[in-house]
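Written out below as C-alpha cells is the structure these notes cover.
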Amino acid sequence: MEFGEKREVGREILSLSNLLYRKIEYDKKRSGIYDLQYVQGGIIKYIKENPQKDIFPRDIVKRFCLTRSTVAGILQKMEQNGYIEMQSYPGDARLKKIVLTEKGDEASHLVIQHIQRMERLLVKDMTAEEIDCLFQLTKKIRENLTEDLKCSMKNKCYAKKDSRRIPFCLR
C-alpha cells in the first residue's frame with residue numbers, strides 16, 4: 001500500500017479477485033482447457049463431488065448465487081461444448097437434471113486438481129487460525145451484502161409482483 005493511501009475493503013477484495021482471475025486464466029491456458037470458464041469449472045466440480053445427488057439448475061443458482069437466466073446461459077454453453085447433458089427428470093418433465101458427459105468427467109479431474117492447487121497457494125503460510133478468521137470475516141461481508149441487497153431489491157428495484165427476479169440465494 002502506498003503512503004497515505006486509504007484502506008478500503010472493497011478495493012482490496014476487487015484487487016484479489018482480479019489477481020485470482022488472472023492466475024486461473026493463465027493456468028487454464030497451460031492445461032489446455034480453453035473453452036471452459038471459471039464458473040463452469042466450479043459447476044463441473046460441484047456435480048462431480050455430489051454423485052449421490054440429482055443436480056438441477058436451481059441448485060446451481062443457489063450454490064453460486066447466480067440468477068436463473070445467467071445459469072441457463074452457462075448451462076447452455078456447457079452443453080454446446082459437450083461438458084454436460086440436460087436430461088428430463090422421471091415424473092416431472094419440467095425438471096432438467098444436469099449430468100456430466102464423458103468430456104465433462106475427464107475435465108473434472110483437471111478442474112479439481114487445479115482448484116486444489118489454487119487453494120494450497122491461497123492459504124500458503126497461513127495458520128489454521130488465520131484461515132478460520134478469514135472465513136469468519138468473509139461470512140460477515142457476505143451477510144452484510146446479502147442483507148443489503150435483499151432489502152434494496154425488495155424495496156426499490158422491483159415491485160413486489162416481480163420478486164421472482166430476485167436471485168434465489170437472496171430470498
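Every chain in the C-alpha cells takes a letter, A first, then B, and so on in the order presented; its residues are numbered from 1, and the ligands are numbered from 1 following the presented order.
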Looking only at strand (DSSP E) from DSSP on the backbone, list the matching residues of chain A as a PyMOL selection string.
chain A and resi 84-89+92-100
Name all residues at most 12 Å from segment 44-61 of chain A (count only C-alpha atoms; drop same-chain ones fewer than 5 positions away) and give them as number ranges by chain.
A: 36-39, 66-76, 78-79, 82-90, 94-116, 166-171
Run DSSP on the backbone and tell me which residues of chain A come out as helix (DSSP H, G or I); list them as an NGL selection string.
:A and (9-31 or 38-48 or 57-64 or 68-80 or 102-122 or 128-157 or 160-165 or 168-170)
